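Participant: One file is attached below, model32.pdb, containing PDB, C-alpha atoms.
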ATOM      1  CA  MET V   1     -45.480  -8.545 -35.324
ATOM      2  CA  LEU V   2     -42.172  -7.940 -37.074
ATOM      3  CA  ILE V   3     -42.611  -8.784 -40.758
ATOM      4  CA  LEU V   4     -40.001  -9.021 -43.485
ATOM      5  CA  GLY V   5     -41.266  -8.037 -46.943
ATOM      6  CA  ILE V   6     -39.617  -9.089 -50.219
ATOM      7  CA  GLU V   7     -40.596  -7.669 -53.620
ATOM      8  CA  SER V   8     -39.189  -9.168 -56.850
ATOM      9  CA  SER V   9     -42.020  -9.131 -59.372
ATOM     10  CA  CYS V  10     -40.205  -7.389 -62.224
ATOM     11  CA  ASP V  11     -37.108  -5.185 -62.394
ATOM     12  CA  GLU V  12     -36.785  -3.851 -58.840
ATOM     13  CA  THR V  13     -35.629  -5.777 -55.785
ATOM     14  CA  GLY V  14     -37.190  -4.447 -52.608
ATOM     15  CA  VAL V  15     -36.730  -5.556 -48.989
ATOM     16  CA  ALA V  16     -38.341  -3.990 -45.921
ATOM     17  CA  LEU V  17     -39.088  -4.568 -42.256
ATOM     18  CA  TYR V  18     -42.482  -3.548 -40.890
ATOM     19  CA  ASP V  19     -43.532  -3.781 -37.261
ATOM     20  CA  SER V  20     -47.263  -3.691 -36.536
ATOM     21  CA  GLY V  21     -46.613  -1.634 -33.404
ATOM     22  CA  ARG V  22     -43.760   0.625 -34.489
ATOM     23  CA  GLY V  23     -44.447   0.975 -38.201
ATOM     24  CA  LEU V  24     -41.887   0.800 -40.994
ATOM     25  CA  LEU V  25     -38.425   0.190 -39.536
ATOM     26  CA  ALA V  26     -36.235  -0.015 -42.642
ATOM     27  CA  HIS V  27     -36.397  -0.547 -46.375
ATOM     28  CA  ALA V  28     -34.026  -0.815 -49.327
ATOM     29  CA  LEU V  29     -34.518  -0.935 -53.072
ATOM     30  CA  HIS V  30     -32.341  -1.875 -56.021
ATOM     31  CA  SER V  31     -33.422  -0.781 -59.511
ATOM     32  CA  GLN V  32     -32.364  -2.646 -62.651
ATOM     33  CA  ILE V  33     -32.795   0.317 -65.003
ATOM     34  CA  ALA V  34     -29.116   0.410 -65.969
ATOM     35  CA  LEU V  35     -29.094  -3.348 -66.575
ATOM     36  CA  HIS V  36     -31.969  -3.261 -69.077
ATOM     37  CA  ALA V  37     -31.295   0.142 -70.670
ATOM     38  CA  GLU V  38     -29.240  -1.209 -73.584
ATOM     39  CA  TYR V  39     -32.129  -3.528 -74.547
ATOM     40  CA  GLY V  40     -34.807  -0.849 -74.336
ATOM     41  CA  GLY V  41     -36.949  -2.938 -71.981
ATOM     42  CA  VAL V  42     -36.917  -5.586 -69.276
ATOM     43  CA  VAL V  43     -35.214  -8.879 -70.194
ATOM     44  CA  PRO V  44     -36.850 -11.484 -67.896
ATOM     45  CA  GLU V  45     -33.847 -13.797 -67.567
ATOM     46  CA  LEU V  46     -31.516 -10.929 -66.702
ATOM     47  CA  ALA V  47     -34.053  -9.608 -64.217
ATOM     48  CA  SER V  48     -34.249 -12.960 -62.421
ATOM     49  CA  ARG V  49     -30.477 -13.297 -62.182
ATOM     50  CA  ASP V  50     -30.115  -9.794 -60.802
ATOM     51  CA  HIS V  51     -32.701 -10.500 -58.096
ATOM     52  CA  VAL V  52     -30.581 -13.500 -57.075
ATOM     53  CA  ARG V  53     -27.506 -11.275 -56.791
ATOM     54  CA  LYS V  54     -29.135  -8.416 -54.908
ATOM     55  CA  ALA V  55     -31.776  -9.907 -52.586
ATOM     56  CA  VAL V  56     -29.517 -11.236 -49.810
ATOM     57  CA  PRO V  57     -27.230  -8.150 -49.635
ATOM     58  CA  LEU V  58     -30.340  -5.958 -49.422
ATOM     59  CA  LEU V  59     -31.730  -8.192 -46.680
ATOM     60  CA  ARG V  60     -28.542  -7.857 -44.661
ATOM     61  CA  GLY V  61     -28.553  -4.096 -45.113
ATOM     62  CA  VAL V  62     -32.150  -3.743 -43.956
ATOM     63  CA  LEU V  63     -31.515  -5.887 -40.863
ATOM     64  CA  ASP V  64     -28.494  -3.735 -39.986
ATOM     65  CA  GLN V  65     -30.428  -0.532 -40.617
ATOM     66  CA  ALA V  66     -33.230  -1.612 -38.290
ATOM     67  CA  GLY V  67     -30.900  -3.105 -35.700
ATOM     68  CA  VAL V  68     -32.678  -6.467 -35.627
ATOM     69  CA  THR V  69     -31.783 -10.059 -36.437
ATOM     70  CA  LEU V  70     -33.564 -12.831 -38.302
ATOM     71  CA  LYS V  71     -34.305 -14.449 -34.943
ATOM     72  CA  GLU V  72     -36.686 -11.600 -34.137
ATOM     73  CA  LEU V  73     -38.886 -12.086 -37.208
ATOM     74  CA  ASP V  74     -42.509 -13.046 -36.623
ATOM     75  CA  GLY V  75     -43.301 -13.652 -40.289
ATOM     76  CA  VAL V  76     -42.199 -13.246 -43.890
ATOM     77  CA  ALA V  77     -44.167 -11.785 -46.794
ATOM     78  CA  TYR V  78     -43.123 -12.045 -50.432
ATOM     79  CA  THR V  79     -44.683 -11.090 -53.749
ATOM     80  CA  ALA V  80     -46.357 -14.168 -55.236
ATOM     81  CA  GLY V  81     -47.791 -12.440 -58.311
ATOM     82  CA  PRO V  82     -48.624 -11.054 -60.745
ATOM     83  CA  GLY V  83     -45.276 -10.540 -62.443
ATOM     84  CA  LEU V  84     -42.457 -12.276 -64.280
ATOM     85  CA  VAL V  85     -42.427 -15.908 -63.210
ATOM     86  CA  GLY V  86     -38.656 -16.214 -62.851
ATOM     87  CA  ALA V  87     -38.371 -12.993 -60.888
ATOM     88  CA  LEU V  88     -41.262 -13.972 -58.625
ATOM     89  CA  LEU V  89     -39.660 -17.335 -57.888
ATOM     90  CA  VAL V  90     -36.499 -15.664 -56.578
ATOM     91  CA  GLY V  91     -38.343 -13.703 -53.914
ATOM     92  CA  ALA V  92     -40.748 -16.531 -53.130
ATOM     93  CA  SER V  93     -37.912 -19.029 -52.676
ATOM     94  CA  LEU V  94     -35.963 -16.705 -50.413
ATOM     95  CA  GLY V  95     -39.022 -15.760 -48.383
ATOM     96  CA  ARG V  96     -40.267 -19.315 -47.968
ATOM     97  CA  ALA V  97     -36.783 -20.573 -47.040
ATOM     98  CA  LEU V  98     -36.272 -17.865 -44.420
ATOM     99  CA  ALA V  99     -39.672 -18.558 -42.880
ATOM    100  CA  PHE V 100     -39.017 -22.294 -42.765
ATOM    101  CA  ALA V 101     -35.556 -21.816 -41.242
ATOM    102  CA  ARG V 102     -36.866 -19.523 -38.524
ATOM    103  CA  GLY V 103     -40.060 -21.475 -37.884
ATOM    104  CA  VAL V 104     -42.323 -18.496 -38.604
ATOM    105  CA  PRO V 105     -45.312 -18.183 -40.959
ATOM    106  CA  ALA V 106     -45.014 -16.965 -44.522
ATOM    107  CA  ILE V 107     -47.532 -15.362 -46.850
ATOM    108  CA  GLY V 108     -47.538 -14.774 -50.597
ATOM    109  CA  VAL V 109     -48.784 -11.238 -51.306
ATOM    110  CA  HIS V 110     -50.624  -9.972 -54.370
ATOM    111  CA  HIS V 111     -48.423  -7.287 -55.916
ATOM    112  CA  MET V 112     -51.342  -4.973 -56.677
ATOM    113  CA  GLU V 113     -52.761  -5.361 -53.172
ATOM    114  CA  GLY V 114     -49.398  -4.087 -52.005
ATOM    115  CA  HIS V 115     -49.795  -0.992 -54.191
ATOM    116  CA  LEU V 116     -53.380  -0.502 -53.004
ATOM    117  CA  LEU V 117     -52.290  -0.508 -49.365
ATOM    118  CA  ALA V 118     -49.051   1.481 -49.756
ATOM    119  CA  PRO V 119     -50.754   4.769 -48.720
ATOM    120  CA  MET V 120     -51.506   3.111 -45.364
ATOM    121  CA  LEU V 121     -47.821   3.633 -44.553
ATOM    122  CA  GLU V 122     -48.357   7.402 -44.573
ATOM    123  CA  ASP V 123     -49.758   9.829 -42.018
ATOM    124  CA  PRO V 124     -52.573  10.506 -42.446
ATOM    125  CA  ALA V 125     -53.582   7.188 -43.973
ATOM    126  CA  PRO V 126     -56.832   6.877 -45.939
ATOM    127  CA  ALA V 127     -59.791   5.274 -44.213
ATOM    128  CA  PHE V 128     -61.923   2.629 -45.884
ATOM    129  CA  PRO V 129     -63.765   2.791 -48.187
ATOM    130  CA  PHE V 130     -61.920   4.499 -51.013
ATOM    131  CA  VAL V 131     -61.571   4.392 -54.789
ATOM    132  CA  ALA V 132     -58.058   3.557 -55.980
ATOM    133  CA  LEU V 133     -56.447   4.337 -59.311
ATOM    134  CA  LEU V 134     -53.704   1.761 -59.859
ATOM    135  CA  VAL V 135     -51.615   3.205 -62.644
ATOM    136  CA  SER V 136     -48.263   1.725 -63.617
ATOM    137  CA  GLY V 137     -46.334   0.174 -66.478
ATOM    138  CA  GLY V 138     -48.345  -3.027 -66.340
ATOM    139  CA  HIS V 139     -51.697  -1.986 -64.892
ATOM    140  CA  THR V 140     -54.272   0.772 -65.164
ATOM    141  CA  MET V 141     -57.437   0.094 -63.216
ATOM    142  CA  LEU V 142     -59.981   1.690 -60.943
ATOM    143  CA  VAL V 143     -60.814  -0.326 -57.833
ATOM    144  CA  GLU V 144     -63.402   0.199 -55.138
ATOM    145  CA  VAL V 145     -61.739  -0.766 -51.846
ATOM    146  CA  ARG V 146     -64.012  -1.544 -48.896
ATOM    147  CA  GLY V 147     -61.324  -3.211 -46.784
ATOM    148  CA  VAL V 148     -58.294  -5.475 -47.085
ATOM    149  CA  GLY V 149     -59.304  -8.112 -49.603
ATOM    150  CA  ARG V 150     -62.633  -6.449 -50.363
ATOM    151  CA  TYR V 151     -61.978  -5.213 -53.884
ATOM    152  CA  ARG V 152     -64.299  -4.536 -56.806
ATOM    153  CA  ILE V 153     -62.716  -3.631 -60.136
ATOM    154  CA  LEU V 154     -64.646  -0.710 -61.595
ATOM    155  CA  GLY V 155     -62.573  -0.268 -64.739
ATOM    156  CA  ASP V 156     -59.541  -1.850 -66.374
ATOM    157  CA  THR V 157     -57.352  -1.247 -69.401
ATOM    158  CA  LEU V 158     -58.384  -2.987 -72.605
ATOM    159  CA  ASP V 159     -54.874  -2.859 -74.086
ATOM    160  CA  ASP V 160     -51.771  -0.922 -73.018
ATOM    161  CA  ALA V 161     -51.562   0.350 -69.464
ATOM    162  CA  ALA V 162     -50.839   4.073 -69.084
ATOM    163  CA  GLY V 163     -47.224   3.530 -68.059
ATOM    164  CA  GLU V 164     -46.690   1.102 -70.918
ATOM    165  CA  ALA V 165     -48.114   3.653 -73.356
ATOM    166  CA  PHE V 166     -45.749   6.298 -71.960
ATOM    167  CA  ASP V 167     -42.753   4.010 -72.443
ATOM    168  CA  LYS V 168     -43.730   2.906 -75.951
ATOM    169  CA  THR V 169     -44.475   6.444 -77.107
ATOM    170  CA  ALA V 170     -41.145   7.599 -75.735
ATOM    171  CA  LYS V 171     -39.442   4.860 -77.740
ATOM    172  CA  LEU V 172     -41.268   5.997 -80.892
ATOM    173  CA  LEU V 173     -39.894   9.489 -80.262
ATOM    174  CA  GLY V 174     -36.368   8.122 -79.902
ATOM    175  CA  LEU V 175     -36.096   8.865 -76.177
ATOM    176  CA  ASP V 176     -33.898   6.978 -73.749
ATOM    177  CA  TYR V 177     -35.032   4.086 -71.521
ATOM    178  CA  PRO V 178     -36.972   4.141 -69.264
ATOM    179  CA  GLY V 179     -39.078   6.306 -71.505
ATOM    180  CA  GLY V 180     -41.971   7.353 -69.285
ATOM    181  CA  PRO V 181     -40.076   9.698 -66.960
ATOM    182  CA  VAL V 182     -38.005  11.036 -69.872
ATOM    183  CA  LEU V 183     -41.163  11.835 -71.846
ATOM    184  CA  ALA V 184     -42.695  13.555 -68.799
ATOM    185  CA  ARG V 185     -39.639  15.796 -68.432
ATOM    186  CA  LEU V 186     -39.640  16.593 -72.156
ATOM    187  CA  ALA V 187     -43.332  17.483 -71.980
ATOM    188  CA  GLN V 188     -42.512  20.342 -69.617
ATOM    189  CA  ARG V 189     -40.917  22.163 -72.573
ATOM    190  CA  GLY V 190     -43.783  21.421 -74.955
ATOM    191  CA  ASP V 191     -46.307  23.881 -76.366
ATOM    192  CA  PRO V 192     -49.744  22.816 -75.043
ATOM    193  CA  GLU V 193     -51.520  24.522 -77.942
ATOM    194  CA  ARG V 194     -49.687  23.032 -80.924
ATOM    195  CA  PHE V 195     -51.182  19.515 -80.985
ATOM    196  CA  HIS V 196     -54.364  18.058 -79.539
ATOM    197  CA  PHE V 197     -54.624  14.291 -79.048
ATOM    198  CA  PRO V 198     -57.908  12.408 -78.520
ATOM    199  CA  ARG V 199     -59.068  11.419 -75.033
ATOM    200  CA  PRO V 200     -59.882   7.745 -75.588
ATOM    201  CA  MET V 201     -63.161   6.256 -74.353
ATOM    202  CA  VAL V 202     -64.254   9.313 -72.355
ATOM    203  CA  ASN V 203     -67.384   9.855 -74.466
ATOM    204  CA  ARG V 204     -68.825   6.430 -73.770
ATOM    205  CA  PRO V 205     -70.190   5.046 -70.496
ATOM    206  CA  GLY V 206     -68.030   2.925 -68.249
ATOM    207  CA  LEU V 207     -64.675   3.196 -66.566
ATOM    208  CA  ASP V 208     -62.407   1.117 -68.815
ATOM    209  CA  PHE V 209     -59.275   2.539 -70.437
ATOM    210  CA  SER V 210     -57.581   2.221 -73.830
ATOM    211  CA  PHE V 211     -54.261   3.905 -74.573
ATOM    212  CA  SER V 212     -52.891   1.980 -77.555
ATOM    213  CA  GLY V 213     -54.472   4.368 -80.082
ATOM    214  CA  LEU V 214     -52.608   7.308 -78.580
ATOM    215  CA  LYS V 215     -49.314   5.664 -79.530
ATOM    216  CA  THR V 216     -50.388   5.506 -83.167
ATOM    217  CA  PHE V 217     -51.602   9.098 -83.040
ATOM    218  CA  ALA V 218     -48.250  10.189 -81.620
ATOM    219  CA  LEU V 219     -46.344   8.271 -84.313
ATOM    220  CA  THR V 220     -48.319   9.702 -87.242
ATOM    221  CA  THR V 221     -48.006  13.211 -85.778
ATOM    222  CA  PHE V 222     -44.260  12.730 -85.389
ATOM    223  CA  GLN V 223     -43.905  11.492 -88.976
ATOM    224  CA  ALA V 224     -45.992  14.357 -90.384
ATOM    225  CA  HIS V 225     -44.377  17.273 -88.553
ATOM    226  CA  GLY V 226     -40.673  16.531 -88.530
ATOM    227  CA  LYS V 227     -38.367  15.223 -85.859
ATOM    228  CA  ASP V 228     -36.754  18.325 -84.384
ATOM    229  CA  GLU V 229     -36.441  18.627 -80.610
ATOM    230  CA  GLN V 230     -39.282  21.129 -80.178
ATOM    231  CA  THR V 231     -41.654  18.905 -82.137
ATOM    232  CA  ARG V 232     -40.729  16.004 -79.861
ATOM    233  CA  ALA V 233     -41.485  18.183 -76.838
ATOM    234  CA  ASP V 234     -44.802  19.351 -78.273
ATOM    235  CA  ILE V 235     -45.873  15.770 -79.042
ATOM    236  CA  ALA V 236     -44.776  14.645 -75.582
ATOM    237  CA  ARG V 237     -46.888  17.418 -74.056
ATOM    238  CA  ALA V 238     -49.940  16.552 -76.148
ATOM    239  CA  PHE V 239     -49.593  12.862 -75.331
ATOM    240  CA  GLN V 240     -49.186  13.437 -71.602
ATOM    241  CA  ASP V 241     -52.109  15.874 -71.523
ATOM    242  CA  ALA V 242     -54.329  13.285 -73.228
ATOM    243  CA  VAL V 243     -53.387  10.538 -70.759
ATOM    244  CA  VAL V 244     -53.756  12.805 -67.733
ATOM    245  CA  ASP V 245     -57.116  14.184 -68.869
ATOM    246  CA  THR V 246     -58.401  10.660 -69.520
ATOM    247  CA  LEU V 247     -57.340   9.423 -66.090
ATOM    248  CA  VAL V 248     -58.840  12.452 -64.365
ATOM    249  CA  ILE V 249     -62.163  12.125 -66.208
ATOM    250  CA  LYS V 250     -62.447   8.442 -65.322
ATOM    251  CA  CYS V 251     -61.489   9.062 -61.685
ATOM    252  CA  ARG V 252     -64.114  11.786 -61.355
ATOM    253  CA  ARG V 253     -66.691   9.448 -62.868
ATOM    254  CA  ALA V 254     -65.690   6.621 -60.510
ATOM    255  CA  LEU V 255     -66.011   8.834 -57.427
ATOM    256  CA  ARG V 256     -69.454  10.035 -58.470
ATOM    257  CA  GLN V 257     -70.735   6.593 -59.435
ATOM    258  CA  SER V 258     -69.477   4.918 -56.251
ATOM    259  CA  GLY V 259     -70.472   7.733 -53.926
ATOM    260  CA  VAL V 260     -67.066   7.419 -52.236
ATOM    261  CA  MET V 261     -65.324  10.777 -51.885
ATOM    262  CA  ARG V 262     -61.884   9.391 -51.132
ATOM    263  CA  LEU V 263     -59.339   8.727 -53.918
ATOM    264  CA  VAL V 264     -56.057   6.845 -53.618
ATOM    265  CA  ILE V 265     -53.417   6.918 -56.351
ATOM    266  CA  ALA V 266     -50.849   4.116 -56.465
ATOM    267  CA  GLY V 267     -48.290   2.801 -58.945
ATOM    268  CA  GLY V 268     -45.339   4.295 -60.751
ATOM    269  CA  VAL V 269     -47.294   6.722 -62.960
ATOM    270  CA  GLY V 270     -48.691   8.178 -59.744
ATOM    271  CA  ALA V 271     -45.344   9.977 -59.421
ATOM    272  CA  ASN V 272     -46.112  12.027 -62.558
ATOM    273  CA  GLN V 273     -46.356  15.660 -61.414
ATOM    274  CA  ALA V 274     -48.856  16.722 -64.065
ATOM    275  CA  LEU V 275     -51.184  13.893 -63.034
ATOM    276  CA  ARG V 276     -50.856  14.780 -59.355
ATOM    277  CA  GLU V 277     -51.707  18.410 -59.987
ATOM    278  CA  ALA V 278     -54.693  17.595 -62.200
ATOM    279  CA  LEU V 279     -56.116  15.059 -59.731
ATOM    280  CA  GLY V 280     -55.570  17.531 -56.902
ATOM    281  CA  ASP V 281     -57.628  20.140 -58.738
ATOM    282  CA  MET V 282     -60.338  17.616 -59.591
ATOM    283  CA  THR V 283     -60.751  16.231 -56.062
ATOM    284  CA  ALA V 284     -60.695  19.720 -54.558
ATOM    285  CA  GLY V 285     -63.525  20.701 -56.889
ATOM    286  CA  LEU V 286     -65.558  17.690 -55.777
ATOM    287  CA  GLY V 287     -64.771  18.137 -52.103
ATOM    288  CA  ALA V 288     -63.066  14.727 -52.108
ATOM    289  CA  GLU V 289     -59.909  13.605 -50.312
ATOM    290  CA  LEU V 290     -56.800  12.566 -52.234
ATOM    291  CA  PHE V 291     -54.065  10.237 -50.965
ATOM    292  CA  TYR V 292     -50.711   9.091 -52.353
ATOM    293  CA  PRO V 293     -47.866   7.007 -51.022
ATOM    294  CA  ARG V 294     -44.572   8.884 -50.836
ATOM    295  CA  LEU V 295     -42.758   9.069 -54.176
ATOM    296  CA  GLU V 296     -40.339   6.242 -53.371
ATOM    297  CA  PHE V 297     -43.310   3.939 -52.662
ATOM    298  CA  CYS V 298     -45.139   4.708 -55.923
ATOM    299  CA  THR V 299     -42.844   2.291 -57.732
ATOM    300  CA  ASP V 300     -42.387  -1.341 -56.652
ATOM    301  CA  ASN V 301     -40.965  -1.673 -53.147
ATOM    302  CA  GLY V 302     -40.646  -4.075 -50.240
ATOM    303  CA  ALA V 303     -42.443  -1.826 -47.732
ATOM    304  CA  MET V 304     -45.842  -2.274 -49.370
ATOM    305  CA  ILE V 305     -45.357  -6.052 -49.420
ATOM    306  CA  ALA V 306     -44.337  -6.096 -45.763
ATOM    307  CA  TYR V 307     -47.413  -4.046 -44.799
ATOM    308  CA  ALA V 308     -49.874  -6.096 -46.861
ATOM    309  CA  GLY V 309     -48.316  -9.288 -45.534
ATOM    310  CA  ALA V 310     -48.573  -8.026 -41.956
ATOM    311  CA  CYS V 311     -52.300  -7.389 -42.406
ATOM    312  CA  ARG V 312     -52.922 -10.932 -43.577
ATOM    313  CA  LEU V 313     -50.542 -12.658 -41.153
ATOM    314  CA  ARG V 314     -52.113 -10.841 -38.201
ATOM    315  CA  ALA V 315     -55.484 -12.108 -39.381
ATOM    316  CA  GLY V 316     -54.185 -15.688 -39.217
ATOM    317  CA  GLU V 317     -53.493 -16.396 -42.887
ATOM    318  CA  ARG V 318     -50.601 -18.757 -43.585
ATOM    319  CA  GLN V 319     -48.876 -20.206 -46.648
ATOM    320  CA  ASP V 320     -48.065 -23.903 -46.802
ATOM    321  CA  LEU V 321     -44.531 -25.154 -47.397
ATOM    322  CA  GLY V 322     -44.902 -25.150 -51.173
ATOM    323  CA  ILE V 323     -43.363 -22.398 -53.301
ATOM    324  CA  ALA V 324     -46.036 -21.191 -55.690
ATOM    325  CA  VAL V 325     -46.237 -18.008 -57.744
ATOM    326  CA  ARG V 326     -48.944 -16.685 -60.048
ATOM    327  CA  PRO V 327     -47.809 -14.581 -63.034
ATOM    328  CA  ARG V 328     -51.485 -13.777 -63.661
ATOM    329  CA  TRP V 329     -53.719 -13.153 -60.671
ATOM    330  CA  SER V 330     -56.895 -11.100 -60.370
ATOM    331  CA  LEU V 331     -57.368  -8.832 -57.374
ATOM    332  CA  GLU V 332     -60.959 -10.002 -57.107
ATOM    333  CA  GLU V 333     -59.770 -13.542 -56.318
ATOM    334  CA  LEU V 334     -58.339 -12.416 -52.988
ATOM    335  CA  ALA V 335     -60.211 -13.337 -49.823
ATOM    336  CA  PRO V 336     -61.317 -10.592 -47.426
ATOM    337  CA  LEU V 337     -59.774 -10.657 -43.990
ATOM    338  CA  PRO V 338     -61.884 -12.772 -41.600
ATOM    339  CA  GLU V 339     -63.071  -9.848 -39.526
ATOM    340  CA  GLN V 340     -64.268  -8.130 -42.707
ATOM    341  CA  ALA V 341     -66.016 -11.099 -44.313
TER     342      ALA V 341
END
Taking this structure as input, can you express it in the form of structure tokens?
Facilitator:
Amino acid sequence: MLILGIESSCDETGVALYDSGRGLLAHALHSQIALHAEYGGVVPELASRDHVRKAVPLLRGVLDQAGVTLKELDGVAYTAGPGLVGALLVGASLGRALAFARGVPAIGVHHMEGHLLAPMLEDPAPAFPFVALLVSGGHTMLVEVRGVGRYRILGDTLDDAAGEAFDKTAKLLGLDYPGGPVLARLAQRGDPERFHFPRPMVNRPGLDFSFSGLKTFALTTFQAHGKDEQTRADIARAFQDAVVDTLVIKCRRALRQSGVMRLVIAGGVGANQALREALGDMTAGLGAELFYPRLEFCTDNGAMIAYAGACRLRAGERQDLGIAVRPRWSLEELAPLPEQA
């Protein structure tokens, strides 16, 4: 099956073509970072309008890159949620219209299922079951994955997601947007011994996360110790170390509690080098396997939507002619594929 994937849940427009026999044929991504930079965060209305401008040119480029035409499509997958409602509607409308025009099935994909399955595009791909850490600007959760659609949330964030905490702390330090990557680069110059931040919720049972308190700790430290560049770097280092340590501790706990010695990392924060190194050391110590998507597929992208859509379309799932999106949508509401039920 040749599947077109469209991602438009927030501030990145992604389009990709995935063939169930030949693999990923082509993909393209447009980031809206420059558009939102002057506002210090994503402006939903601007994001929606930019998706409208960019989606069709990206589609044409991907078709040319793969050397195929719309007539060859066997199905269309688009992100149906969670995300910004206006942005989701752009991709859903385009995807549903293309499917209707070509007389092929369409499927609305859960954005986080796309992230969960993104490592399946790599070689080697992880086998089921595995534990997944979904860590991004909007989500931080640990999920036990037994198959496509067979998800059990082991732990979730009670307030800010890790990526959100990175961005907000960077803003408190006066760093440029998007703050997370800027803070991570600044942390490389920080003194790891100068400040020590708490590791939230690691001394209590369970696998939930809470990062909002770290923002306050960073702010009070910043206010108490001056605002010179080295102090910023030292605070950035202490903050990043606290987040990384917390994620590693919870991942180790999840692997031991589930008995699954296979860990998948997905989402934009999964590109953080300090986190990758720490998780690599942890899994090596446990004798567990560690999997990532390639760096360009850690952030939102059309390839993961095309792959997840292909899995469900091949299993016979179909969307009706209505255009429906879900800004809020739990992973645990998804149905397992029929052969895995």
Participant: Step by step: start from the point (-43.2, -12.5, -33.5) in the file's coordinates, keep every protein, DNA or RNA residue that has an atom no farther than 6 Å from it, count all atoms listed in the file, and write the set as a list of chain:residue names.
Facilitator: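 Residues close enough to count: V:Met1, V:Leu2, V:Leu73, V:Asp74.
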Participant: Which residues are near stretch 323-327 of chain V? Cut-off 9 Å, only C-alpha atoms, ignore same chain within fewer than 3 positions. Put them as an mmCIF file with C-alpha atoms, in the frame of the given file.
Facilitator:
data_model
loop_
_atom_site.group_PDB
_atom_site.id
_atom_site.type_symbol
_atom_site.label_atom_id
_atom_site.label_comp_id
_atom_site.auth_asym_id
_atom_site.auth_seq_id
_atom_site.Cartn_x
_atom_site.Cartn_y
_atom_site.Cartn_z
ATOM 1 C CA SER V 9 -42.020 -9.131 -59.372
ATOM 2 C CA THR V 79 -44.683 -11.090 -53.749
ATOM 3 C CA ALA V 80 -46.357 -14.168 -55.236
ATOM 4 C CA GLY V 81 -47.791 -12.440 -58.311
ATOM 5 C CA PRO V 82 -48.624 -11.054 -60.745
ATOM 6 C CA GLY V 83 -45.276 -10.540 -62.443
ATOM 7 C CA LEU V 84 -42.457 -12.276 -64.280
ATOM 8 C CA VAL V 85 -42.427 -15.908 -63.210
ATOM 9 C CA LEU V 88 -41.262 -13.972 -58.625
ATOM 10 C CA LEU V 89 -39.660 -17.335 -57.888
ATOM 11 C CA ALA V 92 -40.748 -16.531 -53.130
ATOM 12 C CA SER V 93 -37.912 -19.029 -52.676
ATOM 13 C CA ARG V 96 -40.267 -19.315 -47.968
ATOM 14 C CA GLY V 108 -47.538 -14.774 -50.597
ATOM 15 C CA HIS V 110 -50.624 -9.972 -54.370
ATOM 16 C CA GLN V 319 -48.876 -20.206 -46.648
ATOM 17 C CA ASP V 320 -48.065 -23.903 -46.802
#
Participant: Applying the PyMOL selection byres ((chain V and resi 45-62) around 7) to the file I just gave you, which residues come out? Please list them as a PyMOL selection string.
Facilitator: chain V and resi 8+10-11+13+15-16+26-28+43-44+63-66+86-87+90
Participant: Using the chain letters and numbers from the file, which residues does the PyMOL selection byres ((chain V and resi 222) around 9) grab, as a list in words?
Facilitator: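 With the shown file as input, the PyMOL selection byres ((chain V and resi 222) around 9) matches Leu172, Leu173, Phe217, Ala218, Leu219, Thr220, Thr221, Gln223, Ala224, His225, Gly226, Lys227, Thr231, Arg232 and Ile235 of chain V.
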Participant: In the coordinate frame of the file, compute which residues have an atom within 12 Å of (-70.9, 8.2, -66.3) when using all atoms listed in the file, and state them as a list in words.
Facilitator: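 Applying the cut-off with all atoms listed in the file, one gets Leu154, Gly155, Met201, Val202, Asn203, Arg204, Pro205, Gly206, Leu207, Asp208, Ile249, Lys250, Cys251, Arg252, Arg253, Ala254, Leu255, Arg256, Gln257 and Ser258 of chain V.
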Participant: Would you work out the distance separating atom CA of V:Ala238 from atom CA of V:Ala274, expressed in Å to one decimal?
Facilitator: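 Atom CA of V:Ala274 lies 12.1 Å from atom CA of V:Ala238.
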Participant: Excluding V:Leu183 and any residue of its chain fewer than 2 positions from it, enumerate the residues within 10 Å of it, using all atoms listed in the file, and give them as a compact mmCIF listing (two decimals) with C-alpha atoms, in the coordinates of the input.
Facilitator:
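Result file is selection27.txt:
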# COMPACT_ATOMS: atom_id res chain seq x y z
CA PHE V 166 -45.75 6.30 -71.96
CA ASP V 167 -42.75 4.01 -72.44
CA THR V 169 -44.48 6.44 -77.11
CA ALA V 170 -41.14 7.60 -75.74
CA LYS V 171 -39.44 4.86 -77.74
CA LEU V 173 -39.89 9.49 -80.26
CA LEU V 175 -36.10 8.86 -76.18
CA ASP V 176 -33.90 6.98 -73.75
CA TYR V 177 -35.03 4.09 -71.52
CA PRO V 178 -36.97 4.14 -69.26
CA GLY V 179 -39.08 6.31 -71.50
CA GLY V 180 -41.97 7.35 -69.28
CA PRO V 181 -40.08 9.70 -66.96
CA ARG V 185 -39.64 15.80 -68.43
CA LEU V 186 -39.64 16.59 -72.16
CA ALA V 187 -43.33 17.48 -71.98
CA GLN V 188 -42.51 20.34 -69.62
CA ARG V 232 -40.73 16.00 -79.86
CA ALA V 233 -41.48 18.18 -76.84
CA ILE V 235 -45.87 15.77 -79.04
CA ALA V 236 -44.78 14.64 -75.58
CA ARG V 237 -46.89 17.42 -74.06
CA PHE V 239 -49.59 12.86 -75.33
CA GLN V 240 -49.19 13.44 -71.60
Participant: Which of these residues is nearest to V:Arg294, using only C-alpha atoms: V:Leu313, V:Val244, V:Ala271, V:Leu35?
Facilitator: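 For V:Arg294, the nearest of the given residues is V:Ala271.
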Participant: With the file shown as input, list the residues that the PyMOL selection byres ((chain V and resi 132) around 6) selects, as a PyMOL selection string.
Facilitator: chain V and resi 131+133+142-143+263-265
Participant: For V:Leu116, work out the shell of residues within 8 Å, counting only C-alpha atoms and skipping chain neighbours fewer than 3 positions away, then give it as a count of residues only.
Facilitator: 7
Participant: Interatomic distance between atom CA of V:Leu321 and atom CA of V:Ile107?
Facilitator: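 Separating atom CA of V:Leu321 from atom CA of V:Ile107 is a distance of 10.3 Å.
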